[in-house]
There are 4 protein chains.
Amino acid sequence: MREDTPLSRMDRETLDKTVFPVVATIATRFDDVDVQGHINNAAVPVILQEARVEFNKAIDLPALIGTMRPLIAGLTIEYAAELLYPGNVEIGSVVSRIGRTSFTIQQTARQNGQVAIYAETTLVVADENGAAPLPEGLRKNLNRILLGQATQEPHGHV
Amino acid sequence: MREDTPLSRMDRETLDKTVFPVVATIATRFDDVDVQGHINNAAVPVILQEARVEFNKAIDLPALIGTMRPLIAGLTIEYAAELLYPGNVEIGSVVSRIGRTSFTIQQTARQNGQVAIYAETTLVVADENGAAPLPEGLRKNLNRILLGQATQEPHGHV
Amino acid sequence: MREDTPLSRMDRETLDKTVFPVVATIATRFDDVDVQGHINNAAVPVILQEARVEFNKAIDLPALIGTMRPLIAGLTIEYAAELLYPGNVEIGSVVSRIGRTSFTIQQTARQNGQVAIYAETTLVVADENGAAPLPEGLRKNLNRILLGQATQEPHGHV
Amino acid sequence: MREDTPLSRMDRETLDKTVFPVVATIATRFDDVDVQGHINNAAVPVILQEARVEFNKAIDLPALIGTMRPLIAGLTIEYAAELLYPGNVEIGSVVSRIGRTSFTIQQTARQNGQVAIYAETTLVVADENGAAPLPEGLRKNLNRILLGQATQEPHGHV
């Protein structure tokens with residue numbers, strides 16, 4: 001389907017072979033299934049969010065941003081295959097971009113060993129005045145698990 | 001937030017001034033609200049889908065594709081402002097691309113007159129062998145409401 | 001089905017002819033539909049809750065309980081007929097019991113003029129120590145719309 | 001809270017000490033959390049349903065009812081304590097009543113060893129004409145795990 005669609009932002013080849021620093025196993029629910037008998041497209045962001053909570057915990061985000069709020073600024077999902085119920089989904093998460101006030105996570109969701117979903121989520125950190133610079137501690141943790149980091153800096157201490 | 005984020009696919013200026021051919025009014029639900037007190041990011045695809053059902057009906061999609069299935073191939077959402085509960089959301093939908101086996105819808109969601117969400121969804125039409133050419137009747141209806149059509153073909157009978 | 005089931009708590013005959021003091025119109029969503037093609041049983045509490053928010057607002061509950069929290073203590077639903085999508089549901093709400101620290105709401109959900117759902121929800125008002133007496137202002141408002149009140153106190157100023 | 005509420009259908013003492021024949025472990029989701037910071041009352045039926053799918057599979061219901069449909073006729077939930085996120089919920093399911101065309105399941109949901117939810121669900125089996133007699137194979141399997149069966153018929157071959 002890809003030639004015919006404008007789905008070109010994420011590098012699927014890279015994501016297919018990425019060893020994700022954080023992997024969450026999420027159980028699908030009967031409630032996620034629609035009348036077509038598969039996981040509805042709108043249930044996928046719920047599952048991705050669930051994996052993101054584990055990701056955020058792994059990088060210590062809640063403690064590091066303190067009273068600031070994480071806000072979702074953007075979400076892109078490419079549905080490469082149907083997700084089915086019942087069954088678990090394995091979601092790998094990695095940082096693909098670190099900006100001044102935001103960062104981007106790329107995720108794949110696999111079921112039965114096959115990648116079914118490619119996703120990209122941008123989180124902004126905000127205080128009472130709006131978007132605010134990422135705290136240094138958070139930036140440091142994000143840098144440790146930046147996509148491609150291992151290849152680019154093979155001698156780095158991660 | 002836009003300079004700092006990779007959210008650049010959709011042309012916000014164009015969408016801000018688009019007169020949408022299909023507009024749906026969707027009520028938010030208490031169930032859409034998360035612990036931050038606003039509509040959760042993952043509830044937005046549910047609301048967009050609801051508007052898309054009205055859009056599909058407006059272009060007579062269910063009848064025109066017959067036994068073929070509409071599948072969501074891609075979804076991009078830019079969260080420009082928070083959506084709040086209670087309150088309705090007005091969602092405008094327009095066709096932004098027509099391919100061989102798929103087409104793309106762009107949507108904005110407004111609350112209290114302000115655009116809070118920009119979204120782009122790609123639907124593929126599939127038969128038992130996978131992606132299949134769009135039926136001619138559907139292609140014709142999609143062409144009638146293609147974004148920018150009025151400018152490109154000022155003499156067209158829409 | 002009723003003779004064969006233990007569904008006997010609510011008085012359906014009374015509810016069928018009740019003129020509800022608060023009626024909310026809730027739109028069903030495609031997301032409420034399950035693989036059987038009807039509104040899933042677990043979507044009904046979401047819809048009832050939505051109507052309850054309107055009910056609570058009508059009796060000024062949020063202002064009257066101040067910093068206390070409303071907690072759901074019990075929920076009983078009798079599914080008399082299937083709810084279908086698309087289409088609105090009309091939900092009537094009335095008070096059926098007023099206790100010391102809690103009260104009970106009875107609701108019916110009608111679609112196309114037919115009662116499809118009978119429901120009963122018990123809310124407890126709680127402060128930091130747990131269940132707390134209903135504030136007098138709330139009790140007064142609840143008494144005004146108590147089920148059967150009109151018959152019992154025909155001269156009451158409602 | 002119990003003295004003050006009409007929540008008296010289920011025998012909590014019996015359920016507290018029941019050794020359930022089917023126990024499902026369901027993960028809560030961030031999406032289940034509402035603005036009060038706990039699992040919303042309307043998310044509980046979704047979780048109970050998830051456990052019921054496992055229960056139905058354990059008693060071979062899908063195969064035994066063939067082309068008949070299982071329909072939910074009634075649902076009663078008593079919320080004894082708040083469920084919190086993150087964390088798993090252990091849901092025990094047992095048959096509490098077997099009728100001619102329906103049967104009733106009782107469930108408890110425990111979190112961190114404490115029972116938070118008592119629930120009772122009545123399922124009707126239906127064919128194209130409405131409620132239909134339970135198939136004998138299903139009735140046999142239901143009888144094997146009927147609540148109190150072991151005590152009442154200690155010599156039974158289960």
# chains A, B, ... in the order shown; residues from 1 in each chain; ligands from 1

$ residues_around --residues "B:Gln114" --least-positions-apart "5" --cutoff "10 Å" --atoms "only C-alpha atoms" --output "PyMOL selection string"
chain B and resi 16+80-81+83+89-90+108-109

$ calpha_fit_and_write --fixed "chain D" --moving "chain C" --output "compact mmCIF listing (two decimals) with N, CA and C atoms, in the first residue's frame"
# COMPACT_ATOMS: atom_id res chain seq x y z
N MET C 1 -20.18 1.79 54.13
CA MET C 1 -21.24 2.42 53.33
C MET C 1 -22.46 1.50 53.16
N ARG C 2 -22.33 0.24 53.52
CA ARG C 2 -23.34 -0.70 53.06
C ARG C 2 -24.70 -0.53 53.72
N GLU C 3 -24.73 -0.16 54.99
CA GLU C 3 -26.02 -0.02 55.67
C GLU C 3 -26.87 1.05 55.00
N ASP C 4 -26.19 2.03 54.44
CA ASP C 4 -26.89 3.18 53.91
C ASP C 4 -27.30 3.00 52.45
N THR C 5 -26.86 1.93 51.83
CA THR C 5 -27.11 1.79 50.39
C THR C 5 -27.93 0.53 50.12
N PRO C 6 -28.59 0.49 48.99
CA PRO C 6 -29.44 -0.66 48.66
C PRO C 6 -28.66 -1.78 47.99
N LEU C 7 -27.41 -1.92 48.35
CA LEU C 7 -26.55 -2.88 47.67
C LEU C 7 -26.55 -4.20 48.43
N SER C 8 -27.51 -5.02 48.15
CA SER C 8 -27.67 -6.18 49.01
C SER C 8 -27.85 -7.48 48.26
N ARG C 9 -27.79 -7.42 46.94
CA ARG C 9 -28.12 -8.62 46.20
C ARG C 9 -27.06 -9.71 46.38
N MET C 10 -25.80 -9.31 46.28
CA MET C 10 -24.73 -10.32 46.32
C MET C 10 -24.29 -10.60 47.75
N ASP C 11 -23.94 -11.82 47.99
CA ASP C 11 -23.49 -12.24 49.33
C ASP C 11 -21.97 -12.05 49.40
N ARG C 12 -21.59 -10.90 49.93
CA ARG C 12 -20.15 -10.56 49.94
C ARG C 12 -19.34 -11.54 50.77
N GLU C 13 -19.90 -11.98 51.89
CA GLU C 13 -19.15 -12.90 52.74
C GLU C 13 -18.82 -14.18 51.96
N THR C 14 -19.80 -14.70 51.25
CA THR C 14 -19.56 -15.91 50.46
C THR C 14 -18.51 -15.65 49.38
N LEU C 15 -18.66 -14.53 48.68
CA LEU C 15 -17.72 -14.23 47.60
C LEU C 15 -16.31 -14.00 48.12
N ASP C 16 -16.22 -13.39 49.31
CA ASP C 16 -14.89 -13.12 49.86
C ASP C 16 -14.09 -14.40 50.08
N LYS C 17 -14.81 -15.50 50.40
CA LYS C 17 -14.08 -16.74 50.70
C LYS C 17 -14.19 -17.77 49.59
N THR C 18 -14.80 -17.38 48.47
CA THR C 18 -14.93 -18.32 47.36
C THR C 18 -13.58 -18.58 46.69
N VAL C 19 -13.33 -19.85 46.41
CA VAL C 19 -12.17 -20.20 45.59
C VAL C 19 -12.69 -20.31 44.16
N PHE C 20 -12.38 -19.31 43.37
CA PHE C 20 -12.98 -19.21 42.04
C PHE C 20 -12.38 -20.23 41.07
N PRO C 21 -13.23 -20.87 40.27
CA PRO C 21 -12.73 -21.86 39.31
C PRO C 21 -11.98 -21.23 38.14
N VAL C 22 -12.27 -19.96 37.85
CA VAL C 22 -11.57 -19.26 36.77
C VAL C 22 -11.10 -17.91 37.32
N VAL C 23 -9.81 -17.65 37.17
CA VAL C 23 -9.25 -16.37 37.62
C VAL C 23 -8.46 -15.76 36.47
N ALA C 24 -8.79 -14.52 36.13
CA ALA C 24 -8.09 -13.81 35.06
C ALA C 24 -7.33 -12.63 35.65
N THR C 25 -6.16 -12.38 35.12
CA THR C 25 -5.38 -11.22 35.54
C THR C 25 -5.43 -10.18 34.44
N ILE C 26 -6.02 -9.04 34.75
CA ILE C 26 -6.22 -7.99 33.74
C ILE C 26 -5.41 -6.76 34.15
N ALA C 27 -4.64 -6.22 33.21
CA ALA C 27 -3.88 -5.00 33.47
C ALA C 27 -4.78 -3.78 33.32
N THR C 28 -4.74 -2.89 34.30
CA THR C 28 -5.44 -1.62 34.12
C THR C 28 -4.68 -0.79 33.08
N ARG C 29 -5.35 0.21 32.55
CA ARG C 29 -4.75 1.09 31.55
C ARG C 29 -4.87 2.54 32.00
N PHE C 30 -3.92 3.35 31.56
CA PHE C 30 -4.01 4.79 31.82
C PHE C 30 -5.34 5.33 31.29
N ASP C 31 -5.83 4.74 30.23
CA ASP C 31 -7.09 5.18 29.63
C ASP C 31 -8.28 4.91 30.53
N ASP C 32 -8.14 4.03 31.52
CA ASP C 32 -9.24 3.72 32.45
C ASP C 32 -9.38 4.77 33.55
N VAL C 33 -8.37 5.63 33.68
CA VAL C 33 -8.31 6.59 34.78
C VAL C 33 -9.12 7.84 34.42
N ASP C 34 -9.86 8.36 35.39
CA ASP C 34 -10.61 9.58 35.13
C ASP C 34 -9.98 10.77 35.88
N VAL C 35 -10.68 11.88 35.88
CA VAL C 35 -10.12 13.10 36.44
C VAL C 35 -9.93 13.00 37.96
N GLN C 36 -10.61 12.02 38.60
CA GLN C 36 -10.39 11.81 40.03
C GLN C 36 -9.11 11.03 40.31
N GLY C 37 -8.46 10.54 39.26
CA GLY C 37 -7.20 9.84 39.45
C GLY C 37 -7.33 8.36 39.77
N HIS C 38 -8.55 7.83 39.71
CA HIS C 38 -8.74 6.39 39.91
C HIS C 38 -9.41 5.78 38.69
N ILE C 39 -9.50 4.44 38.69
CA ILE C 39 -10.19 3.77 37.59
C ILE C 39 -11.65 4.20 37.60
N ASN C 40 -12.11 4.75 36.51
CA ASN C 40 -13.47 5.23 36.41
C ASN C 40 -14.47 4.08 36.55
N ASN C 41 -15.62 4.37 37.16
CA ASN C 41 -16.64 3.32 37.35
C ASN C 41 -17.03 2.65 36.03
N ALA C 42 -17.03 3.41 34.95
CA ALA C 42 -17.45 2.86 33.67
C ALA C 42 -16.36 2.03 32.99
N ALA C 43 -15.15 2.06 33.52
CA ALA C 43 -14.10 1.19 32.98
C ALA C 43 -14.19 -0.21 33.59
N VAL C 44 -14.85 -0.31 34.73
CA VAL C 44 -14.94 -1.61 35.41
C VAL C 44 -15.69 -2.65 34.57
N PRO C 45 -16.81 -2.30 33.94
CA PRO C 45 -17.47 -3.29 33.07
C PRO C 45 -16.59 -3.78 31.92
N VAL C 46 -15.71 -2.92 31.43
CA VAL C 46 -14.78 -3.32 30.37
C VAL C 46 -13.82 -4.39 30.91
N ILE C 47 -13.34 -4.18 32.12
CA ILE C 47 -12.40 -5.12 32.75
C ILE C 47 -13.10 -6.42 33.10
N LEU C 48 -14.33 -6.32 33.60
CA LEU C 48 -15.10 -7.53 33.93
C LEU C 48 -15.39 -8.34 32.67
N GLN C 49 -15.70 -7.63 31.59
CA GLN C 49 -15.97 -8.29 30.32
C GLN C 49 -14.74 -9.06 29.84
N GLU C 50 -13.58 -8.43 30.03
CA GLU C 50 -12.34 -9.07 29.61
C GLU C 50 -12.15 -10.40 30.35
N ALA C 51 -12.44 -10.38 31.66
CA ALA C 51 -12.34 -11.61 32.45
C ALA C 51 -13.41 -12.62 32.03
N ARG C 52 -14.55 -12.11 31.60
CA ARG C 52 -15.65 -12.99 31.18
C ARG C 52 -15.30 -13.71 29.89
N VAL C 53 -14.54 -13.05 29.03
CA VAL C 53 -14.11 -13.72 27.80
C VAL C 53 -13.27 -14.95 28.16
N GLU C 54 -12.40 -14.80 29.14
CA GLU C 54 -11.59 -15.94 29.57
C GLU C 54 -12.47 -17.02 30.22
N PHE C 55 -13.45 -16.55 30.99
CA PHE C 55 -14.39 -17.49 31.63
C PHE C 55 -15.15 -18.27 30.56
N ASN C 56 -15.67 -17.55 29.58
CA ASN C 56 -16.45 -18.21 28.52
C ASN C 56 -15.61 -19.24 27.77
N LYS C 57 -14.34 -18.89 27.57
CA LYS C 57 -13.45 -19.82 26.89
C LYS C 57 -13.22 -21.05 27.78
N ALA C 58 -13.09 -20.82 29.08
CA ALA C 58 -12.83 -21.93 30.01
C ALA C 58 -13.98 -22.93 30.04
N ILE C 59 -15.22 -22.43 29.86
CA ILE C 59 -16.36 -23.35 29.86
C ILE C 59 -16.74 -23.74 28.43
N ASP C 60 -15.91 -23.37 27.47
CA ASP C 60 -16.11 -23.75 26.07
C ASP C 60 -17.40 -23.17 25.48
N LEU C 61 -17.81 -22.03 25.99
CA LEU C 61 -19.07 -21.44 25.55
C LEU C 61 -19.14 -21.16 24.06
N PRO C 62 -18.11 -20.54 23.47
CA PRO C 62 -18.23 -20.21 22.03
C PRO C 62 -18.54 -21.44 21.17
N ALA C 63 -17.86 -22.54 21.42
CA ALA C 63 -18.10 -23.75 20.62
C ALA C 63 -19.47 -24.35 20.94
N LEU C 64 -19.85 -24.33 22.23
CA LEU C 64 -21.07 -25.01 22.65
C LEU C 64 -22.35 -24.30 22.22
N ILE C 65 -22.30 -22.98 22.03
CA ILE C 65 -23.52 -22.29 21.60
C ILE C 65 -23.59 -22.16 20.08
N GLY C 66 -22.51 -22.50 19.40
CA GLY C 66 -22.55 -22.52 17.94
C GLY C 66 -22.98 -21.20 17.35
N THR C 67 -24.06 -21.19 16.59
CA THR C 67 -24.50 -19.97 15.92
C THR C 67 -25.38 -19.08 16.80
N MET C 68 -25.67 -19.55 18.02
CA MET C 68 -26.46 -18.71 18.92
C MET C 68 -25.57 -17.59 19.46
N ARG C 69 -26.22 -16.51 19.92
CA ARG C 69 -25.47 -15.37 20.44
C ARG C 69 -25.60 -15.27 21.95
N PRO C 70 -24.51 -14.95 22.63
CA PRO C 70 -24.63 -14.63 24.06
C PRO C 70 -24.97 -13.15 24.20
N LEU C 71 -26.00 -12.84 24.96
CA LEU C 71 -26.38 -11.45 25.18
C LEU C 71 -26.36 -11.15 26.67
N ILE C 72 -25.89 -9.97 27.01
CA ILE C 72 -25.91 -9.57 28.42
C ILE C 72 -27.31 -9.05 28.75
N ALA C 73 -27.95 -9.67 29.72
CA ALA C 73 -29.29 -9.24 30.12
C ALA C 73 -29.25 -8.36 31.35
N GLY C 74 -28.27 -8.56 32.19
CA GLY C 74 -28.20 -7.76 33.41
C GLY C 74 -26.80 -7.70 33.96
N LEU C 75 -26.51 -6.60 34.62
CA LEU C 75 -25.19 -6.37 35.20
C LEU C 75 -25.36 -5.58 36.50
N THR C 76 -24.82 -6.12 37.57
CA THR C 76 -24.83 -5.39 38.84
C THR C 76 -23.41 -5.32 39.36
N ILE C 77 -22.99 -4.11 39.71
CA ILE C 77 -21.63 -3.91 40.22
C ILE C 77 -21.71 -3.19 41.55
N GLU C 78 -21.01 -3.72 42.54
CA GLU C 78 -20.86 -3.03 43.81
C GLU C 78 -19.40 -2.60 43.93
N TYR C 79 -19.19 -1.30 44.05
CA TYR C 79 -17.83 -0.75 44.14
C TYR C 79 -17.46 -0.65 45.62
N ALA C 80 -16.67 -1.60 46.10
CA ALA C 80 -16.33 -1.64 47.53
C ALA C 80 -15.10 -0.80 47.84
N ALA C 81 -14.22 -0.67 46.88
CA ALA C 81 -13.01 0.14 47.07
C ALA C 81 -12.56 0.65 45.71
N GLU C 82 -11.74 1.67 45.72
CA GLU C 82 -11.24 2.22 44.46
C GLU C 82 -10.22 1.28 43.83
N LEU C 83 -10.25 1.18 42.52
CA LEU C 83 -9.19 0.50 41.77
C LEU C 83 -8.22 1.57 41.29
N LEU C 84 -6.93 1.26 41.36
CA LEU C 84 -5.93 2.27 41.00
C LEU C 84 -5.08 1.81 39.82
N TYR C 85 -4.47 2.80 39.17
CA TYR C 85 -3.54 2.58 38.08
C TYR C 85 -2.18 3.11 38.50
N PRO C 86 -1.07 2.46 38.13
CA PRO C 86 -1.01 1.21 37.38
C PRO C 86 -1.20 0.01 38.30
N GLY C 87 -1.35 -1.15 37.70
CA GLY C 87 -1.50 -2.34 38.51
C GLY C 87 -2.49 -3.31 37.89
N ASN C 88 -2.29 -4.57 38.17
CA ASN C 88 -3.18 -5.60 37.67
C ASN C 88 -4.38 -5.76 38.59
N VAL C 89 -5.42 -6.36 38.03
CA VAL C 89 -6.61 -6.71 38.79
C VAL C 89 -6.82 -8.20 38.60
N GLU C 90 -7.09 -8.92 39.70
CA GLU C 90 -7.36 -10.36 39.60
C GLU C 90 -8.86 -10.57 39.71
N ILE C 91 -9.42 -11.14 38.67
CA ILE C 91 -10.87 -11.30 38.64
C ILE C 91 -11.23 -12.78 38.68
N GLY C 92 -11.93 -13.15 39.74
CA GLY C 92 -12.43 -14.51 39.87
C GLY C 92 -13.85 -14.58 39.37
N SER C 93 -14.18 -15.63 38.63
CA SER C 93 -15.52 -15.80 38.09
C SER C 93 -16.08 -17.16 38.46
N VAL C 94 -17.36 -17.20 38.83
CA VAL C 94 -18.02 -18.44 39.19
C VAL C 94 -19.49 -18.35 38.76
N VAL C 95 -20.11 -19.49 38.51
CA VAL C 95 -21.53 -19.50 38.14
C VAL C 95 -22.36 -19.48 39.42
N SER C 96 -23.34 -18.57 39.49
CA SER C 96 -24.16 -18.49 40.71
C SER C 96 -25.61 -18.90 40.46
N ARG C 97 -25.99 -19.06 39.22
CA ARG C 97 -27.38 -19.44 38.89
C ARG C 97 -27.42 -19.99 37.48
N ILE C 98 -28.19 -21.04 37.29
CA ILE C 98 -28.39 -21.60 35.95
C ILE C 98 -29.89 -21.66 35.71
N GLY C 99 -30.35 -20.91 34.71
CA GLY C 99 -31.77 -20.88 34.39
C GLY C 99 -32.06 -21.69 33.13
N ARG C 100 -33.22 -21.47 32.56
CA ARG C 100 -33.59 -22.23 31.36
C ARG C 100 -32.86 -21.70 30.12
N THR C 101 -32.85 -20.35 29.99
CA THR C 101 -32.24 -19.75 28.80
C THR C 101 -31.08 -18.83 29.17
N SER C 102 -30.79 -18.74 30.46
CA SER C 102 -29.74 -17.82 30.90
C SER C 102 -28.99 -18.38 32.08
N PHE C 103 -27.86 -17.77 32.37
CA PHE C 103 -27.12 -18.11 33.58
C PHE C 103 -26.46 -16.86 34.12
N THR C 104 -26.07 -16.94 35.39
CA THR C 104 -25.51 -15.77 36.05
C THR C 104 -24.11 -16.08 36.56
N ILE C 105 -23.20 -15.13 36.31
CA ILE C 105 -21.82 -15.23 36.76
C ILE C 105 -21.63 -14.23 37.89
N GLN C 106 -20.97 -14.65 38.95
CA GLN C 106 -20.56 -13.69 39.97
C GLN C 106 -19.05 -13.56 39.91
N GLN C 107 -18.59 -12.34 40.10
CA GLN C 107 -17.16 -12.05 40.00
C GLN C 107 -16.72 -11.14 41.14
N THR C 108 -15.48 -11.30 41.54
CA THR C 108 -14.86 -10.28 42.39
C THR C 108 -13.59 -9.83 41.68
N ALA C 109 -13.27 -8.57 41.88
CA ALA C 109 -12.01 -8.02 41.35
C ALA C 109 -11.16 -7.60 42.53
N ARG C 110 -9.98 -8.19 42.62
CA ARG C 110 -9.05 -7.87 43.71
C ARG C 110 -7.85 -7.11 43.17
N GLN C 111 -7.41 -6.15 43.96
CA GLN C 111 -6.17 -5.46 43.64
C GLN C 111 -5.34 -5.41 44.91
N ASN C 112 -4.09 -5.81 44.81
CA ASN C 112 -3.23 -5.87 46.00
C ASN C 112 -3.87 -6.69 47.12
N GLY C 113 -4.56 -7.77 46.74
CA GLY C 113 -5.11 -8.68 47.73
C GLY C 113 -6.45 -8.28 48.32
N GLN C 114 -6.93 -7.08 47.99
CA GLN C 114 -8.19 -6.60 48.55
C GLN C 114 -9.30 -6.67 47.50
N VAL C 115 -10.49 -7.15 47.90
CA VAL C 115 -11.62 -7.14 46.97
C VAL C 115 -12.11 -5.71 46.81
N ALA C 116 -12.10 -5.22 45.58
CA ALA C 116 -12.55 -3.86 45.32
C ALA C 116 -13.92 -3.85 44.64
N ILE C 117 -14.22 -4.92 43.94
CA ILE C 117 -15.44 -4.97 43.12
C ILE C 117 -16.16 -6.31 43.32
N TYR C 118 -17.48 -6.25 43.50
CA TYR C 118 -18.35 -7.43 43.44
C TYR C 118 -19.26 -7.23 42.23
N ALA C 119 -19.40 -8.27 41.42
CA ALA C 119 -20.21 -8.09 40.22
C ALA C 119 -21.02 -9.34 39.90
N GLU C 120 -22.12 -9.11 39.25
CA GLU C 120 -23.02 -10.20 38.86
C GLU C 120 -23.51 -9.90 37.46
N THR C 121 -23.32 -10.84 36.56
CA THR C 121 -23.72 -10.64 35.17
C THR C 121 -24.61 -11.79 34.72
N THR C 122 -25.72 -11.45 34.09
CA THR C 122 -26.60 -12.49 33.56
C THR C 122 -26.50 -12.51 32.04
N LEU C 123 -26.18 -13.69 31.52
CA LEU C 123 -26.09 -13.87 30.07
C LEU C 123 -27.27 -14.71 29.59
N VAL C 124 -27.86 -14.28 28.52
CA VAL C 124 -28.93 -15.03 27.87
C VAL C 124 -28.37 -15.57 26.57
N VAL C 125 -28.76 -16.77 26.23
CA VAL C 125 -28.37 -17.34 24.94
C VAL C 125 -29.54 -17.15 23.99
N ALA C 126 -29.27 -16.60 22.82
CA ALA C 126 -30.37 -16.28 21.91
C ALA C 126 -30.14 -16.83 20.51
N ASP C 127 -31.20 -17.27 19.90
CA ASP C 127 -31.13 -17.59 18.47
C ASP C 127 -31.96 -16.54 17.73
N GLU C 128 -32.30 -16.80 16.47
CA GLU C 128 -32.97 -15.77 15.70
C GLU C 128 -34.37 -15.42 16.25
N ASN C 129 -34.91 -16.32 17.10
CA ASN C 129 -36.23 -16.06 17.68
C ASN C 129 -36.17 -15.45 19.07
N GLY C 130 -34.98 -15.18 19.55
CA GLY C 130 -34.84 -14.62 20.90
C GLY C 130 -34.23 -15.63 21.84
N ALA C 131 -34.51 -15.46 23.15
CA ALA C 131 -33.92 -16.34 24.16
C ALA C 131 -34.22 -17.81 23.84
N ALA C 132 -33.18 -18.64 23.97
CA ALA C 132 -33.32 -20.06 23.61
C ALA C 132 -32.73 -20.90 24.75
N PRO C 133 -33.23 -22.13 24.90
CA PRO C 133 -32.71 -22.99 25.99
C PRO C 133 -31.20 -23.15 25.91
N LEU C 134 -30.55 -23.18 27.06
CA LEU C 134 -29.11 -23.41 27.11
C LEU C 134 -28.81 -24.79 26.53
N PRO C 135 -27.84 -24.89 25.65
CA PRO C 135 -27.46 -26.22 25.14
C PRO C 135 -27.03 -27.12 26.30
N GLU C 136 -27.29 -28.42 26.16
CA GLU C 136 -26.99 -29.34 27.26
C GLU C 136 -25.51 -29.36 27.63
N GLY C 137 -24.65 -29.29 26.62
CA GLY C 137 -23.22 -29.30 26.90
C GLY C 137 -22.81 -28.11 27.75
N LEU C 138 -23.39 -26.97 27.46
CA LEU C 138 -23.08 -25.77 28.22
C LEU C 138 -23.61 -25.91 29.65
N ARG C 139 -24.84 -26.40 29.77
CA ARG C 139 -25.45 -26.57 31.10
C ARG C 139 -24.60 -27.50 31.96
N LYS C 140 -24.08 -28.53 31.32
CA LYS C 140 -23.25 -29.49 32.05
C LYS C 140 -21.98 -28.81 32.58
N ASN C 141 -21.35 -28.02 31.71
CA ASN C 141 -20.13 -27.32 32.14
C ASN C 141 -20.41 -26.27 33.21
N LEU C 142 -21.55 -25.61 33.09
CA LEU C 142 -21.91 -24.60 34.09
C LEU C 142 -22.14 -25.27 35.44
N ASN C 143 -22.80 -26.41 35.42
CA ASN C 143 -23.09 -27.12 36.67
C ASN C 143 -21.81 -27.53 37.39
N ARG C 144 -20.76 -27.80 36.61
CA ARG C 144 -19.49 -28.21 37.22
C ARG C 144 -18.86 -27.13 38.08
N ILE C 145 -19.18 -25.87 37.76
CA ILE C 145 -18.52 -24.78 38.50
C ILE C 145 -19.53 -23.88 39.18
N LEU C 146 -20.66 -24.47 39.56
CA LEU C 146 -21.70 -23.70 40.22
C LEU C 146 -21.24 -23.35 41.64
N LEU C 147 -21.43 -22.10 42.01
CA LEU C 147 -21.06 -21.61 43.35
C LEU C 147 -21.75 -22.45 44.42
N GLY C 148 -20.98 -22.92 45.38
CA GLY C 148 -21.55 -23.68 46.48
C GLY C 148 -21.70 -25.15 46.18
N GLN C 149 -21.41 -25.51 44.95
CA GLN C 149 -21.54 -26.89 44.47
C GLN C 149 -20.72 -27.85 45.33
N ALA C 150 -19.49 -27.46 45.60
CA ALA C 150 -18.60 -28.34 46.36
C ALA C 150 -19.23 -28.72 47.70
N THR C 151 -19.85 -27.75 48.33
CA THR C 151 -20.48 -28.01 49.62
C THR C 151 -21.72 -28.87 49.45
N GLN C 152 -22.52 -28.53 48.43
CA GLN C 152 -23.77 -29.25 48.22
C GLN C 152 -23.55 -30.68 47.73
N GLU C 153 -22.57 -30.84 46.89
CA GLU C 153 -22.34 -32.16 46.30
C GLU C 153 -20.88 -32.53 46.50
N PRO C 154 -20.51 -32.85 47.73
CA PRO C 154 -19.10 -33.03 48.06
C PRO C 154 -18.45 -34.20 47.32
N HIS C 155 -19.26 -35.09 46.78
CA HIS C 155 -18.67 -36.25 46.14
C HIS C 155 -18.63 -36.11 44.61
N GLY C 156 -19.11 -34.96 44.14
CA GLY C 156 -19.17 -34.75 42.70
C GLY C 156 -17.79 -34.78 42.04
N HIS C 157 -17.77 -35.26 40.82
CA HIS C 157 -16.53 -35.25 40.04
C HIS C 157 -16.44 -33.94 39.28
N VAL C 158 -15.67 -33.03 39.79
CA VAL C 158 -15.56 -31.73 39.14
C VAL C 158 -14.27 -31.70 38.32

$ select_by_dssp --residues "chain C" --states "helix (DSSP H, G or I)" --output "ChimeraX atom specification"
/C:2-4,12-17,30-32,41-58,61-65,136-144,149-152
